[in-house]
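Take a look at the structure below.
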Amino acid sequence: MVGNAHPTLNNIVGWISQLSTINYQLSTVNYQLSTIKMSTSNPWIQFYQPKPKASLRLFCFPYAGGKAQIFRTWSEALDDRVEVCPVELPGRGKRWGETPFQQLLPLVEAVAEAIAPLLDRPYTLFGHSMGALIAFELAREFRRNNSPEPVHLFISGHQAPQLPDNDPPSYNRPEEELIRKLRSLEGTPEAILENREILDLWLPIYRADLSICETYIYRSEEPLSCPITTIGGSQDSSIPKGGLGKWEEHTTGKFTKQLLLGNHFFIHSAEPQLLKLLHRAHSTIPIELPQSIL
């Protein structure tokens with residue numbers, strides 16, 4: 001533009017486009033800064049790959065003795081509209097040295113309080129084995145608190161909670177019996193089971209997690225409204241026949257049951273197939289973002 005010449009329509013369109021780009025970049029930076037702040041101030045969530053443009057969040061809960069790191073690569077397999085939020089439980093990973101929980105409901109209450117600030121957009125829950133119980137009870141806890149409920153619940157490697165557990169408790173058994181139990185599940189490397197130093201550090205965490213599962217008392221409530229997908233290993237002997245299908249009683253929405261090749265730890269051996277399943281499921285979720293974050 002020269003002298004006092006008036007701006008042309010092309011000038012105005014260009015300026016608007018530049019302002020839009022600047023605003024988007026600022027919003028992206030602000031989001032990344034808030035994510036960094038959240039990841040450092042909130043030890044419960046480990047953001048391995050923040051996604052500023054994500055329209056929903058996937059909270060992931062590990063099996064007994066597991067940590068958030070088992071989900072570290074999941075974000076790469078899901079599209080940019082899904083932000084993976086692995087939950088780090090006390091006593092492991094970056095929270096090593098913290099006292100682990102030994103009962104489910106106090107743990108669920110603590111998780112609910114910790115991730116409440118991240119419920120500003122639609123979210124899903126995934127849990128494997130012990131994590132499945134955490135995810136299920138967390139969904140019910142949010143409903144009791146009138147908090148936003150998940151748009152989908154993914155239950156992996158665990159029978160329906162109303163079914164009796166016919167195995168005797170093992171969390172309070174001698175160490176040799178715990179090691180035998182681990183060997184029977186075929187998910188822990190023999191090098192770990194034979195390493196005295198590692199066992200001394202890790203077995204107390206595993207014992208506490210077993211206590212979470214084995215002292216859990218199911219209480220009947222109204223079914224959830226969100227869809228539930230159950231996922232099991234085709235060779236998982238820890239789940240009785242029909243144990244996955246009984247999860248259907250816990251939703252008034254759509255119920256889906258999937259089997260993947262593998263034992264109880266198919267979450268590792270069949271990870272590519274599991275991630276494809278999760279990708280397909282998330283791609284069909286209709287998303288309505290709150291006006292506050294548009």
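As shown in the structure tokens, the chain order sets the letters A, B, ...; within each chain, residues go from 1, and ligands are also counted from 1 in the order they appear.
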Residues near segment 154-169 of chain A, cut-off 7 Å, only C-alpha atoms, skip fewer than 4 positions along chain, as a PyMOL selection string: chain A and resi 125-129+132+214+218+228-233+239+243-244+246-247+264
Keeping only all heavy atoms, write those residues as a short mmCIF file (atom, residue, chain, number, x, y, z; two decimals), in the first residue's frame.
```cif
data_model
loop_
_atom_site.label_atom_id
_atom_site.label_comp_id
_atom_site.auth_asym_id
_atom_site.auth_seq_id
_atom_site.Cartn_x
_atom_site.Cartn_y
_atom_site.Cartn_z
N LEU A 125 -11.91 -44.12 28.49
CA LEU A 125 -11.11 -44.79 29.51
C LEU A 125 -10.71 -46.17 29.01
O LEU A 125 -11.54 -46.89 28.44
CB LEU A 125 -11.91 -44.95 30.81
CG LEU A 125 -12.43 -43.68 31.50
CD1 LEU A 125 -13.29 -44.04 32.70
CD2 LEU A 125 -11.27 -42.77 31.92
N PHE A 126 -9.45 -46.51 29.22
CA PHE A 126 -8.95 -47.85 28.91
C PHE A 126 -8.21 -48.39 30.11
O PHE A 126 -7.37 -47.70 30.71
CB PHE A 126 -8.00 -47.84 27.71
CG PHE A 126 -7.33 -49.17 27.46
CD1 PHE A 126 -7.89 -50.09 26.58
CD2 PHE A 126 -6.15 -49.52 28.14
CE1 PHE A 126 -7.29 -51.33 26.37
CE2 PHE A 126 -5.54 -50.76 27.93
CZ PHE A 126 -6.11 -51.67 27.05
N GLY A 127 -8.51 -49.64 30.48
CA GLY A 127 -7.77 -50.27 31.56
C GLY A 127 -7.58 -51.74 31.27
O GLY A 127 -8.48 -52.41 30.75
N HIS A 128 -6.39 -52.24 31.62
CA HIS A 128 -6.10 -53.66 31.43
C HIS A 128 -5.95 -54.34 32.79
O HIS A 128 -5.21 -53.86 33.65
CB HIS A 128 -4.83 -53.86 30.62
CG HIS A 128 -4.52 -55.31 30.35
ND1 HIS A 128 -5.19 -56.05 29.40
CD2 HIS A 128 -3.63 -56.16 30.94
CE1 HIS A 128 -4.71 -57.29 29.41
NE2 HIS A 128 -3.78 -57.38 30.34
N SER A 129 -6.66 -55.46 32.98
CA SER A 129 -6.59 -56.25 34.20
C SER A 129 -6.97 -55.36 35.40
O SER A 129 -8.09 -54.87 35.46
CB SER A 129 -5.20 -56.86 34.34
OG SER A 129 -5.19 -57.90 35.27
N ALA A 132 -8.60 -52.26 34.41
CA ALA A 132 -10.00 -52.33 33.97
C ALA A 132 -10.94 -52.02 35.13
O ALA A 132 -11.94 -51.31 34.97
CB ALA A 132 -10.30 -53.71 33.39
N GLU A 214 -8.02 -57.90 44.93
CA GLU A 214 -8.57 -59.03 45.69
C GLU A 214 -9.41 -58.61 46.89
O GLU A 214 -10.17 -59.42 47.42
CB GLU A 214 -7.43 -59.94 46.12
CG GLU A 214 -6.72 -60.59 44.93
CD GLU A 214 -5.49 -61.38 45.30
OE1 GLU A 214 -5.05 -61.28 46.47
OE2 GLU A 214 -4.96 -62.10 44.43
N TYR A 218 -17.65 -55.58 44.84
CA TYR A 218 -18.55 -54.99 43.85
C TYR A 218 -19.87 -54.59 44.51
O TYR A 218 -20.45 -55.34 45.29
CB TYR A 218 -18.81 -55.98 42.72
CG TYR A 218 -19.94 -55.56 41.81
CD1 TYR A 218 -19.77 -54.53 40.90
CD2 TYR A 218 -21.19 -56.19 41.88
CE1 TYR A 218 -20.80 -54.12 40.07
CE2 TYR A 218 -22.22 -55.80 41.06
CZ TYR A 218 -22.04 -54.77 40.16
OH TYR A 218 -23.07 -54.37 39.33
N ILE A 228 -19.54 -49.82 25.93
CA ILE A 228 -18.44 -50.59 26.53
C ILE A 228 -17.91 -51.57 25.50
O ILE A 228 -18.68 -52.30 24.87
CB ILE A 228 -18.90 -51.34 27.79
CG1 ILE A 228 -19.23 -50.36 28.92
CG2 ILE A 228 -17.82 -52.32 28.25
CD1 ILE A 228 -19.70 -51.04 30.21
N THR A 229 -16.60 -51.58 25.35
CA THR A 229 -15.93 -52.58 24.53
C THR A 229 -15.05 -53.42 25.45
O THR A 229 -14.21 -52.87 26.18
CB THR A 229 -15.06 -51.94 23.44
OG1 THR A 229 -15.89 -51.24 22.51
CG2 THR A 229 -14.26 -53.00 22.69
N THR A 230 -15.24 -54.74 25.45
CA THR A 230 -14.38 -55.62 26.21
C THR A 230 -13.41 -56.31 25.26
O THR A 230 -13.77 -56.68 24.14
CB THR A 230 -15.18 -56.68 26.98
OG1 THR A 230 -15.97 -57.44 26.05
CG2 THR A 230 -16.09 -56.03 28.00
N ILE A 231 -12.19 -56.48 25.72
CA ILE A 231 -11.12 -57.06 24.91
C ILE A 231 -10.44 -58.14 25.73
O ILE A 231 -10.06 -57.90 26.89
CB ILE A 231 -10.10 -56.00 24.48
CG1 ILE A 231 -10.81 -54.76 23.92
CG2 ILE A 231 -9.14 -56.56 23.45
CD1 ILE A 231 -9.95 -53.52 23.89
N GLY A 232 -10.29 -59.31 25.15
CA GLY A 232 -9.68 -60.41 25.87
C GLY A 232 -8.67 -61.15 25.03
O GLY A 232 -8.65 -61.04 23.80
N GLY A 233 -7.83 -61.93 25.70
CA GLY A 233 -6.88 -62.78 25.02
C GLY A 233 -7.48 -64.14 24.75
O GLY A 233 -8.13 -64.73 25.64
N ILE A 239 -9.58 -65.67 32.82
CA ILE A 239 -10.97 -65.20 32.68
C ILE A 239 -11.86 -66.40 32.36
O ILE A 239 -11.62 -67.10 31.37
CB ILE A 239 -11.08 -64.14 31.58
CG1 ILE A 239 -10.22 -62.92 31.93
CG2 ILE A 239 -12.54 -63.71 31.38
CD1 ILE A 239 -10.24 -61.83 30.89
N GLY A 243 -16.98 -64.59 30.98
CA GLY A 243 -16.60 -63.50 31.87
C GLY A 243 -16.54 -62.15 31.20
O GLY A 243 -16.82 -61.12 31.83
N LEU A 244 -16.16 -62.11 29.93
CA LEU A 244 -16.13 -60.85 29.20
C LEU A 244 -17.53 -60.40 28.79
O LEU A 244 -17.87 -59.22 28.87
CB LEU A 244 -15.24 -60.96 27.96
CG LEU A 244 -13.74 -61.08 28.18
CD1 LEU A 244 -13.03 -61.29 26.83
CD2 LEU A 244 -13.19 -59.85 28.87
N LYS A 246 -20.32 -60.77 30.22
CA LYS A 246 -21.15 -60.27 31.32
C LYS A 246 -20.99 -58.78 31.55
O LYS A 246 -21.79 -58.16 32.25
CB LYS A 246 -20.82 -61.04 32.61
CG LYS A 246 -21.35 -62.47 32.65
CD LYS A 246 -22.87 -62.48 32.76
CE LYS A 246 -23.40 -63.89 32.92
NZ LYS A 246 -24.88 -63.93 33.06
N TRP A 247 -19.97 -58.17 30.93
CA TRP A 247 -19.82 -56.72 31.04
C TRP A 247 -20.99 -56.00 30.36
O TRP A 247 -21.24 -54.83 30.63
CB TRP A 247 -18.52 -56.27 30.39
CG TRP A 247 -17.30 -56.43 31.26
CD1 TRP A 247 -16.37 -57.43 31.21
CD2 TRP A 247 -16.87 -55.55 32.32
NE1 TRP A 247 -15.40 -57.23 32.15
CE2 TRP A 247 -15.68 -56.08 32.84
CE3 TRP A 247 -17.38 -54.36 32.86
CZ2 TRP A 247 -14.98 -55.46 33.89
CZ3 TRP A 247 -16.70 -53.74 33.88
CH2 TRP A 247 -15.51 -54.30 34.40
N HIS A 264 -2.91 -63.63 28.93
CA HIS A 264 -3.38 -62.47 29.71
C HIS A 264 -2.65 -61.19 29.31
O HIS A 264 -3.22 -60.09 29.43
CB HIS A 264 -3.18 -62.74 31.20
CG HIS A 264 -3.76 -61.69 32.08
ND1 HIS A 264 -5.12 -61.44 32.16
CD2 HIS A 264 -3.17 -60.80 32.92
CE1 HIS A 264 -5.35 -60.45 33.01
NE2 HIS A 264 -4.19 -60.05 33.49
#
```
Residue among A:Leu224, A:Ala114, A:Gly93, A:Phe101 lying closest to Pro150 of chain A, counting only C-alpha atoms: A:Leu224
Strand (DSSP E) per DSSP on the backbone: members of segment 59-216 of chain A, as a PyMOL selection string: chain A and resi 59-61+82-86+123-128+152-156
Determine, counting only C-alpha atoms, which protein, DNA and RNA residues have an atom within 9 Å of an atom of segment 139-149 of chain A; residues of the same chain fewer than 4 positions away are not included. Present the result as a short mmCIF file (atom, residue, chain, number, x, y, z; two decimals) with C-alpha atoms, in the first residue's frame.
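result21.cif, freshly written:
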```cif
data_model
loop_
_atom_site.label_atom_id
_atom_site.label_comp_id
_atom_site.auth_asym_id
_atom_site.auth_seq_id
_atom_site.Cartn_x
_atom_site.Cartn_y
_atom_site.Cartn_z
CA VAL A 108 -10.41 -44.16 42.39
CA GLU A 109 -11.38 -41.12 44.45
CA ALA A 112 -10.98 -38.67 39.97
CA ALA A 116 -10.83 -33.60 36.90
CA LEU A 119 -12.27 -33.32 31.65
CA ASP A 120 -12.75 -30.12 29.66
CA ARG A 121 -13.28 -32.19 26.51
CA PRO A 122 -14.77 -35.62 25.75
CA TYR A 123 -12.72 -38.57 26.98
CA THR A 124 -12.50 -42.35 26.95
CA LEU A 125 -11.11 -44.79 29.51
CA ILE A 134 -9.99 -48.78 38.03
CA ALA A 135 -11.49 -47.49 34.77
CA LEU A 153 -15.18 -47.45 28.21
CA GLU A 221 -25.48 -49.58 40.58
CA PRO A 223 -25.66 -49.36 34.22
CA LEU A 224 -23.48 -46.75 32.58
CA SER A 225 -24.82 -44.99 29.50
CA CYS A 226 -21.56 -45.02 27.54
#
```
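Atom pair atom CA of Ser55 of chain A / atom CA of Arg81 of chain A has a distance of 4.9 Å (rounded to one decimal).
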